[in-house]
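Dumped data.cif below, it's mmCIF, C-alpha atoms and all ligand atoms:
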```cif
data_work
loop_
_atom_site.label_atom_id
_atom_site.label_comp_id
_atom_site.auth_asym_id
_atom_site.auth_seq_id
_atom_site.Cartn_x
_atom_site.Cartn_y
_atom_site.Cartn_z
CA MET A 1 0.00 0.00 0.00
CA LEU A 2 1.29 3.41 -1.03
CA ILE A 3 1.14 6.41 1.29
CA ARG A 4 2.23 10.02 1.23
CA ILE A 5 3.28 11.97 4.28
CA ILE A 6 4.29 15.58 4.75
CA TYR A 7 6.20 16.82 7.73
CA LEU A 8 7.65 20.10 8.85
CA SER A 9 10.72 20.74 10.97
CA THR A 10 13.07 23.46 12.17
CA ALA A 11 16.72 23.39 11.18
CA VAL A 12 19.27 23.18 13.98
CA GLY A 13 21.85 25.79 13.01
CA PRO A 14 22.23 27.50 9.66
CA GLN A 15 20.93 25.75 6.55
CA THR A 16 24.18 25.78 4.65
CA THR A 17 24.60 24.52 1.11
CA THR A 18 26.96 21.87 2.47
CA MET A 19 24.31 20.53 4.84
CA THR A 20 21.57 20.60 2.22
CA ASN A 21 23.74 18.86 -0.34
CA ALA A 22 24.70 16.14 2.15
CA ILE A 23 21.03 15.49 2.96
CA LEU A 24 20.03 15.46 -0.70
CA LYS A 25 22.87 13.19 -1.77
CA LYS A 26 21.94 10.61 0.85
CA ALA A 27 18.22 11.01 0.21
CA GLN A 28 18.40 10.70 -3.55
CA ALA A 29 20.50 7.52 -3.44
CA TRP A 30 18.55 5.78 -0.68
CA ASN A 31 15.15 6.84 -1.95
CA LYS A 32 15.84 5.69 -5.48
CA ALA A 33 16.96 2.28 -4.24
CA ASN A 34 13.93 1.96 -1.97
CA GLY A 35 11.06 3.28 -4.09
CA ILE A 36 10.65 6.60 -2.28
CA THR A 37 9.72 9.75 -4.18
CA GLY A 38 9.16 13.25 -2.87
CA VAL A 39 10.14 16.84 -2.44
CA LEU A 40 12.33 18.59 0.11
CA CYS A 41 11.61 22.29 0.53
CA GLN A 42 14.25 24.04 2.54
CA GLY A 43 14.96 27.60 3.61
CA GLN A 44 14.01 30.32 6.10
CA GLY A 45 15.02 27.95 8.91
CA VAL A 46 12.55 25.20 8.06
CA PHE A 47 12.37 21.92 6.21
CA LEU A 48 9.15 20.78 4.59
CA GLN A 49 9.26 17.34 3.07
CA ALA A 50 6.78 15.15 1.22
CA LEU A 51 7.59 11.44 1.11
CA GLU A 52 5.75 8.83 -0.96
CA GLY A 53 6.24 5.10 -1.11
CA GLU A 54 5.27 1.79 0.43
CA ARG A 55 3.78 2.37 3.87
CA SER A 56 6.36 0.28 5.70
CA THR A 57 9.27 1.96 3.89
CA VAL A 58 7.93 5.48 4.48
CA THR A 59 7.34 4.72 8.16
CA GLN A 60 10.86 3.38 8.58
CA LEU A 61 12.39 6.35 6.77
CA TYR A 62 10.32 8.88 8.72
CA SER A 63 11.49 7.45 12.03
CA ARG A 64 15.10 7.76 10.87
CA ILE A 65 14.57 11.32 9.64
CA TYR A 66 12.69 12.19 12.86
CA ALA A 67 15.74 11.24 14.91
CA ASP A 68 18.15 13.23 12.73
CA GLN A 69 20.00 15.81 14.85
CA ARG A 70 20.14 18.36 12.03
CA HIS A 71 16.55 19.40 12.71
CA THR A 72 14.03 19.56 15.54
CA ASN A 73 10.30 20.26 16.21
CA VAL A 74 9.38 17.64 13.63
CA GLU A 75 5.60 17.74 13.09
CA LEU A 76 3.61 15.41 10.87
CA LEU A 77 1.24 17.55 8.81
CA HIS A 78 -0.35 15.03 6.54
CA CYS A 79 -0.64 11.28 5.95
CA GLU A 80 -2.85 9.56 3.39
CA SER A 81 -3.13 6.40 1.36
CA ILE A 82 -2.63 7.13 -2.31
CA ALA A 83 -3.44 5.31 -5.53
CA LYS A 84 -0.93 7.31 -7.53
CA ARG A 85 2.23 9.20 -6.72
CA ARG A 86 2.22 12.96 -7.06
CA TYR A 87 6.01 13.35 -7.19
CA GLU A 88 6.83 10.26 -9.25
CA ASN A 89 9.53 12.02 -11.25
CA TRP A 90 11.70 12.82 -8.26
CA SER A 91 13.63 10.59 -5.85
CA MET A 92 13.91 13.85 -3.91
CA ALA A 93 13.28 17.15 -5.60
CA HIS A 94 14.79 20.18 -3.92
CA VAL A 95 12.91 23.44 -3.66
CA SER A 96 14.47 26.46 -1.99
CA LEU A 97 12.05 28.42 0.14
CA SER A 98 14.45 31.36 0.07
CA ASP A 99 14.01 31.89 -3.65
CA ILE A 100 10.25 32.27 -3.60
CA ASP A 101 9.30 34.54 -6.43
CA PRO A 102 7.24 37.68 -5.77
CA ALA A 103 4.07 36.24 -7.34
CA THR A 104 4.09 33.36 -4.88
CA LYS A 105 4.69 35.76 -2.01
CA ILE A 106 1.59 37.71 -3.00
CA LYS A 107 -0.47 34.53 -3.16
CA TRP A 108 0.86 33.30 0.18
CA PRO A 109 1.59 36.50 2.11
CA GLU A 110 1.75 35.00 5.56
CA PHE A 111 3.12 31.57 5.03
CA ASP A 112 3.63 30.12 8.48
CA PRO A 113 3.86 26.38 7.91
CA TYR A 114 3.45 25.56 11.64
CA SER A 115 -0.01 27.10 11.64
CA ILE A 116 -1.56 25.81 8.43
CA SER A 117 -3.02 22.47 7.41
CA GLY A 118 -1.23 19.70 5.54
CA SER A 119 -3.38 20.12 2.45
CA LEU A 120 -2.57 23.83 2.24
CA VAL A 121 1.11 23.03 2.60
CA MET A 122 0.80 20.48 -0.19
CA ALA A 123 -0.88 23.09 -2.39
CA ARG A 124 2.01 25.39 -1.63
CA ILE A 125 4.56 22.74 -2.57
CA ASP A 126 2.72 22.06 -5.83
CA ASP A 127 2.66 25.75 -6.53
CA LEU A 128 6.41 25.92 -6.15
CA LEU A 129 6.91 22.85 -8.34
CA ALA A 130 4.60 24.23 -11.04
CA LYS A 131 6.63 27.44 -11.12
CA GLY A 132 9.72 25.44 -11.93
CA SER A 133 11.36 26.15 -8.61
CA VAL A 134 12.93 22.70 -8.49
CA ILE A 135 16.67 23.04 -8.19
CA GLN A 136 17.64 19.41 -8.68
CA GLY A 137 16.53 15.89 -8.06
CA SER A 138 15.17 14.26 -11.21
CA ASN A 139 14.78 10.51 -10.91
CA SER A 140 16.61 9.80 -14.12
C1 LIG A 201 15.35 17.37 6.55
C2 LIG A 201 15.92 16.01 6.29
C3 LIG A 201 15.41 15.23 5.24
C4 LIG A 201 15.94 13.98 4.97
N1 LIG A 201 15.41 13.22 3.95
C5 LIG A 201 15.90 11.98 3.72
C6 LIG A 201 15.35 11.17 2.69
O1 LIG A 201 14.42 11.55 1.98
N2 LIG A 201 15.90 9.93 2.50
C7 LIG A 201 16.95 9.47 3.26
O2 LIG A 201 17.39 8.34 3.03
N3 LIG A 201 17.49 10.23 4.23
C8 LIG A 201 16.99 11.47 4.47
N4 LIG A 201 17.54 12.24 5.46
C9 LIG A 201 18.70 11.71 6.20
C10 LIG A 201 18.29 10.79 7.32
O3 LIG A 201 17.76 11.55 8.40
C11 LIG A 201 19.49 9.97 7.82
O4 LIG A 201 20.54 10.84 8.16
C12 LIG A 201 19.98 9.05 6.75
O5 LIG A 201 18.92 8.29 6.26
C13 LIG A 201 21.11 8.14 7.29
O6 LIG A 201 20.64 7.42 8.38
P1 LIG A 201 21.62 6.48 9.19
O7 LIG A 201 22.78 7.34 9.58
O8 LIG A 201 20.81 5.99 10.35
O9 LIG A 201 22.01 5.41 8.23
C14 LIG A 201 17.02 13.49 5.76
C15 LIG A 201 17.51 14.30 6.80
C16 LIG A 201 16.99 15.53 7.06
C17 LIG A 201 17.54 16.37 8.17
#
```

Please render this file's structure as structure tokens.
Ligand SMILES: Cc1cc2nc3c(=O)[nH]c(=O)nc-3n(C[C@H](O)[C@H](O)[C@H](O)COP(=O)(O)O)c2cc1C
Amino acid sequence: MLIRIIYLSTAVGPQTTTMTNAILKKAQAWNKANGITGVLCQGQGVFLQALEGERSTVTQLYSRIYADQRHTNVELLHCESIAKRRYENWSMAHVSLSDIDPATKIKWPEFDPYSISGSLVMARIDDLLAKGSVIQGSNS
């Protein structure tokens, strides 16, 4: 059974390019080998990640990510069974929340991910993906 989860967390320390690249390198290799797809949005001190895959694999990965010392205040925003993947083209796409273009800012003027619902966050992620904000992470 396939599921999708979305969680939110706060970075411990600055979100440097080195840290982000280390996370993405590990994520893209492991996720590809284990049938996980998703998106990692990062910036402004937070991580927002959508993970899709077999329920057991996603659960196992989430518990590993939850325990990762590079972030804290991990909150599960959304969990659902899915018939089809939404992010099937990405083992882990990377979207920078620091590069949000002005049009998105107008549409989402007070984006506080800790205070909004999982489905709104997902809409926000899709918005960013549709605008071509993906930096890297194609599955191919
Ligand atoms: C924000 C964030 C997102 C992460 N996403 C993934 C991921 O999608 N896949 C993955 O394998 N590891 C991911 N990691 C790394 C894991 O937390 C963990 O470090 C890695 O799986 C290695 O675990 P191990 O040291 O227990 O082997 C992420 C870490 C952070 C901080």

Task: Top pick for closest residue to Glu80 in chain A, considering A:Gly118, A:Gly13, A:Pro113, A:Gly45 and counting all atoms listed in the file - done: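 Nearest candidate to Glu80 in chain A out of A:Gly118, A:Gly13, A:Pro113, A:Gly45: A:Gly118.
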
Task: All residues 10 Å or closer to Asn34 in chain A, only C-alpha atoms, same chain fewer than 3 positions away omitted, as a list in words - done: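 Close residues of Asn34 in chain A: Gln28, Ala29, Trp30, Asn31, Thr37, Gly53, Glu54, Thr57, Val58, Leu61 and Ser91 of chain A.
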
Check which residues of chain A sit at most 6 Å from ligand LIG 201 (chain A) using all atoms listed in the file, and return one row each with the closest pair of atoms and their distance in Å to one decimal, ordered by chain and rising number, as CSV.
```
residue,atom,partner,partner_atom,distance
A:Ile23,CA,A:LIG201,C14,5.3
A:Lys26,CA,A:LIG201,O2,5.5
A:Ala27,CA,A:LIG201,N2,3.4
A:Trp30,CA,A:LIG201,O2,4.7
A:Asn31,CA,A:LIG201,N2,5.5
A:Phe47,CA,A:LIG201,C1,5.4
A:Arg64,CA,A:LIG201,O3,5.2
A:Ile65,CA,A:LIG201,O3,3.4
A:Asp68,CA,A:LIG201,O3,4.7
A:Arg70,CA,A:LIG201,C17,5.1
A:His71,CA,A:LIG201,C17,5.5
```

Write out as CSV a residue-level contact list of range 71-95 of chain A versus range 3-12 of chain A with cut-off 9 Å: for each qualifying residue the closest pair of atoms and the distance in Å to one decimal, counting only C-alpha atoms, rows sorted by chain and residue number upward.
```
residue,atom,partner,partner_atom,distance
A:His71,CA,A:Ala11,CA,4.3
A:Thr72,CA,A:Thr10,CA,5.2
A:Asn73,CA,A:Ser9,CA,5.3
A:Val74,CA,A:Ser9,CA,4.3
A:Glu75,CA,A:Leu8,CA,5.3
A:Leu76,CA,A:Tyr7,CA,4.3
A:Leu77,CA,A:Tyr7,CA,5.1
A:His78,CA,A:Ile6,CA,5.0
A:Cys79,CA,A:Ile5,CA,4.3
A:Glu80,CA,A:Ile3,CA,5.5
A:Ser81,CA,A:Ile3,CA,4.3
A:Ile82,CA,A:Ile3,CA,5.3
A:Ala83,CA,A:Ile3,CA,8.3
A:Arg85,CA,A:Arg4,CA,8.0
A:Arg86,CA,A:Arg4,CA,8.8
```

- [ ] Could you check which of A:Leu2, A:Val95, A:Val46, A:Gly38 is closest to Pro14 in chain A, using all atoms listed in the file?
- [x]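 Going through A:Leu2, A:Val95, A:Val46, A:Gly38 one by one, the smallest distance to Pro14 in chain A is for A:Val46.
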
- [ ] Measuring atom to atom with only C-alpha atoms, identify which of A:Met122, A:Cys41, A:Ile116, A:Ile36 is nearest to Tyr62 in chain A.
- [x] A:Ile36

Task: Gap from CA of Ala50 in chain A to CA of Glu88 in chain A - Å, one decimal - done: 11.6 Å

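Between CA of Ser96 in chain A and CA of Leu48 in chain A there is a distance of 10.2 Å.
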
TODO: Write out as an NGL selection string the residues lying within 6 Å of Leu40 in chain A, counting all atoms listed in the file and excluding same-chain residues fewer than 5 positions away.
DONE: :A and (48-49 or 93-94)

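Distance annotation: of A:Met1, A:Lys84, A:Thr20, A:Trp90, the residue with the minimal separation from Arg55 in chain A is A:Met1; atom set is all atoms listed in the file.
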
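Here CA of Asp127 in chain A stands at a distance of 28.2 Å from CA of Gln60 in chain A.
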
Kindly compute an axis-aligned box around the listed atoms of range 37-46 of chain A, allowing 5 Å on each side, and express its centre and edge lengths in Å to one decimal as JSON.
```
{"center_x": 12.1, "center_y": 20.0, "center_z": 2.4, "size_x": 15.9, "size_y": 30.6, "size_z": 23.1}
```

Export range 55-92 of chain A of the preceding structure, keeping N, CA and C atoms, as a PDB file, in the first residue's frame.
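Result saved to part15.pdb:
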```
ATOM      1  N   ARG A  55       4.034   1.902   2.508  1.00  0.00           N
ATOM      2  CA  ARG A  55       3.776   2.367   3.870  1.00  0.00           C
ATOM      3  C   ARG A  55       4.890   1.980   4.838  1.00  0.00           C
ATOM      4  N   SER A  56       5.326   0.726   4.753  1.00  0.00           N
ATOM      5  CA  SER A  56       6.358   0.280   5.699  1.00  0.00           C
ATOM      6  C   SER A  56       7.679   1.027   5.479  1.00  0.00           C
ATOM      7  N   THR A  57       8.010   1.276   4.202  1.00  0.00           N
ATOM      8  CA  THR A  57       9.271   1.960   3.887  1.00  0.00           C
ATOM      9  C   THR A  57       9.215   3.422   4.339  1.00  0.00           C
ATOM     10  N   VAL A  58       8.070   4.075   4.081  1.00  0.00           N
ATOM     11  CA  VAL A  58       7.927   5.480   4.475  1.00  0.00           C
ATOM     12  C   VAL A  58       7.991   5.600   6.003  1.00  0.00           C
ATOM     13  N   THR A  59       7.350   4.669   6.700  1.00  0.00           N
ATOM     14  CA  THR A  59       7.338   4.716   8.164  1.00  0.00           C
ATOM     15  C   THR A  59       8.753   4.567   8.719  1.00  0.00           C
ATOM     16  N   GLN A  60       9.481   3.621   8.143  1.00  0.00           N
ATOM     17  CA  GLN A  60      10.860   3.376   8.584  1.00  0.00           C
ATOM     18  C   GLN A  60      11.737   4.605   8.312  1.00  0.00           C
ATOM     19  N   LEU A  61      11.585   5.173   7.125  1.00  0.00           N
ATOM     20  CA  LEU A  61      12.389   6.352   6.767  1.00  0.00           C
ATOM     21  C   LEU A  61      12.037   7.532   7.664  1.00  0.00           C
ATOM     22  N   TYR A  62      10.749   7.743   7.893  1.00  0.00           N
ATOM     23  CA  TYR A  62      10.319   8.876   8.716  1.00  0.00           C
ATOM     24  C   TYR A  62      10.900   8.781  10.121  1.00  0.00           C
ATOM     25  N   SER A  63      10.946   7.574  10.670  1.00  0.00           N
ATOM     26  CA  SER A  63      11.485   7.453  12.035  1.00  0.00           C
ATOM     27  C   SER A  63      12.985   7.761  12.047  1.00  0.00           C
ATOM     28  N   ARG A  64      13.673   7.418  10.966  1.00  0.00           N
ATOM     29  CA  ARG A  64      15.096   7.756  10.866  1.00  0.00           C
ATOM     30  C   ARG A  64      15.270   9.272  10.725  1.00  0.00           C
ATOM     31  N   ILE A  65      14.477   9.868   9.854  1.00  0.00           N
ATOM     32  CA  ILE A  65      14.566  11.320   9.643  1.00  0.00           C
ATOM     33  C   ILE A  65      14.199  12.059  10.933  1.00  0.00           C
ATOM     34  N   TYR A  66      13.160  11.558  11.619  1.00  0.00           N
ATOM     35  CA  TYR A  66      12.689  12.194  12.863  1.00  0.00           C
ATOM     36  C   TYR A  66      13.824  12.322  13.871  1.00  0.00           C
ATOM     37  N   ALA A  67      14.657  11.285  13.919  1.00  0.00           N
ATOM     38  CA  ALA A  67      15.738  11.241  14.909  1.00  0.00           C
ATOM     39  C   ALA A  67      16.986  12.011  14.470  1.00  0.00           C
ATOM     40  N   ASP A  68      16.966  12.544  13.261  1.00  0.00           N
ATOM     41  CA  ASP A  68      18.147  13.231  12.728  1.00  0.00           C
ATOM     42  C   ASP A  68      18.399  14.520  13.519  1.00  0.00           C
ATOM     43  N   GLN A  69      19.636  14.674  13.984  1.00  0.00           N
ATOM     44  CA  GLN A  69      19.997  15.813  14.850  1.00  0.00           C
ATOM     45  C   GLN A  69      20.087  17.143  14.114  1.00  0.00           C
ATOM     46  N   ARG A  70      20.008  17.109  12.781  1.00  0.00           N
ATOM     47  CA  ARG A  70      20.140  18.361  12.030  1.00  0.00           C
ATOM     48  C   ARG A  70      18.863  19.190  12.033  1.00  0.00           C
ATOM     49  N   HIS A  71      17.790  18.613  12.583  1.00  0.00           N
ATOM     50  CA  HIS A  71      16.555  19.395  12.710  1.00  0.00           C
ATOM     51  C   HIS A  71      15.809  18.987  13.974  1.00  0.00           C
ATOM     52  N   THR A  72      14.798  19.808  14.323  1.00  0.00           N
ATOM     53  CA  THR A  72      14.034  19.556  15.544  1.00  0.00           C
ATOM     54  C   THR A  72      12.585  20.005  15.310  1.00  0.00           C
ATOM     55  N   ASN A  73      11.719  19.885  16.343  1.00  0.00           N
ATOM     56  CA  ASN A  73      10.298  20.260  16.208  1.00  0.00           C
ATOM     57  C   ASN A  73       9.647  19.614  14.988  1.00  0.00           C
ATOM     58  N   VAL A  74       9.932  18.332  14.800  1.00  0.00           N
ATOM     59  CA  VAL A  74       9.378  17.641  13.625  1.00  0.00           C
ATOM     60  C   VAL A  74       7.883  17.390  13.854  1.00  0.00           C
ATOM     61  N   GLU A  75       7.056  17.910  12.958  1.00  0.00           N
ATOM     62  CA  GLU A  75       5.598  17.737  13.085  1.00  0.00           C
ATOM     63  C   GLU A  75       5.039  17.120  11.816  1.00  0.00           C
ATOM     64  N   LEU A  76       4.260  16.057  12.007  1.00  0.00           N
ATOM     65  CA  LEU A  76       3.615  15.405  10.872  1.00  0.00           C
ATOM     66  C   LEU A  76       2.381  16.226  10.488  1.00  0.00           C
ATOM     67  N   LEU A  77       2.341  16.687   9.241  1.00  0.00           N
ATOM     68  CA  LEU A  77       1.236  17.552   8.811  1.00  0.00           C
ATOM     69  C   LEU A  77       0.172  16.783   8.063  1.00  0.00           C
ATOM     70  N   HIS A  78       0.572  15.667   7.474  1.00  0.00           N
ATOM     71  CA  HIS A  78      -0.347  15.027   6.539  1.00  0.00           C
ATOM     72  C   HIS A  78       0.071  13.573   6.336  1.00  0.00           C
ATOM     73  N   CYS A  79      -0.927  12.693   6.260  1.00  0.00           N
ATOM     74  CA  CYS A  79      -0.642  11.284   5.953  1.00  0.00           C
ATOM     75  C   CYS A  79      -1.868  10.719   5.261  1.00  0.00           C
ATOM     76  N   GLU A  80      -1.692  10.150   4.086  1.00  0.00           N
ATOM     77  CA  GLU A  80      -2.850   9.562   3.391  1.00  0.00           C
ATOM     78  C   GLU A  80      -2.413   8.394   2.528  1.00  0.00           C
ATOM     79  N   SER A  81      -3.347   7.468   2.325  1.00  0.00           N
ATOM     80  CA  SER A  81      -3.131   6.396   1.361  1.00  0.00           C
ATOM     81  C   SER A  81      -3.336   6.985  -0.020  1.00  0.00           C
ATOM     82  N   ILE A  82      -2.509   6.567  -0.966  1.00  0.00           N
ATOM     83  CA  ILE A  82      -2.628   7.131  -2.315  1.00  0.00           C
ATOM     84  C   ILE A  82      -2.675   6.011  -3.350  1.00  0.00           C
ATOM     85  N   ALA A  83      -3.381   6.281  -4.437  1.00  0.00           N
ATOM     86  CA  ALA A  83      -3.436   5.315  -5.533  1.00  0.00           C
ATOM     87  C   ALA A  83      -2.304   5.611  -6.514  1.00  0.00           C
ATOM     88  N   LYS A  84      -1.930   6.881  -6.555  1.00  0.00           N
ATOM     89  CA  LYS A  84      -0.934   7.313  -7.534  1.00  0.00           C
ATOM     90  C   LYS A  84       0.008   8.326  -6.884  1.00  0.00           C
ATOM     91  N   ARG A  85       1.261   8.247  -7.270  1.00  0.00           N
ATOM     92  CA  ARG A  85       2.232   9.200  -6.721  1.00  0.00           C
ATOM     93  C   ARG A  85       2.045  10.578  -7.338  1.00  0.00           C
ATOM     94  N   ARG A  86       2.279  11.593  -6.571  1.00  0.00           N
ATOM     95  CA  ARG A  86       2.217  12.964  -7.063  1.00  0.00           C
ATOM     96  C   ARG A  86       3.605  13.425  -7.538  1.00  0.00           C
ATOM     97  N   TYR A  87       4.647  12.892  -6.899  1.00  0.00           N
ATOM     98  CA  TYR A  87       6.014  13.350  -7.186  1.00  0.00           C
ATOM     99  C   TYR A  87       6.845  12.230  -7.816  1.00  0.00           C
ATOM    100  N   GLU A  88       6.206  11.475  -8.732  1.00  0.00           N
ATOM    101  CA  GLU A  88       6.832  10.258  -9.249  1.00  0.00           C
ATOM    102  C   GLU A  88       8.133  10.508 -10.002  1.00  0.00           C
ATOM    103  N   ASN A  89       8.328  11.747 -10.473  1.00  0.00           N
ATOM    104  CA  ASN A  89       9.534  12.018 -11.252  1.00  0.00           C
ATOM    105  C   ASN A  89      10.761  12.332 -10.398  1.00  0.00           C
ATOM    106  N   TRP A  90      10.582  12.387  -9.095  1.00  0.00           N
ATOM    107  CA  TRP A  90      11.697  12.821  -8.259  1.00  0.00           C
ATOM    108  C   TRP A  90      11.985  11.854  -7.104  1.00  0.00           C
ATOM    109  N   SER A  91      13.233  11.377  -7.029  1.00  0.00           N
ATOM    110  CA  SER A  91      13.626  10.593  -5.850  1.00  0.00           C
ATOM    111  C   SER A  91      13.712  11.541  -4.653  1.00  0.00           C
ATOM    112  N   MET A  92      14.065  12.781  -4.901  1.00  0.00           N
ATOM    113  CA  MET A  92      13.909  13.852  -3.906  1.00  0.00           C
ATOM    114  C   MET A  92      14.191  15.174  -4.585  1.00  0.00           C
TER     115      MET A  92
END
```
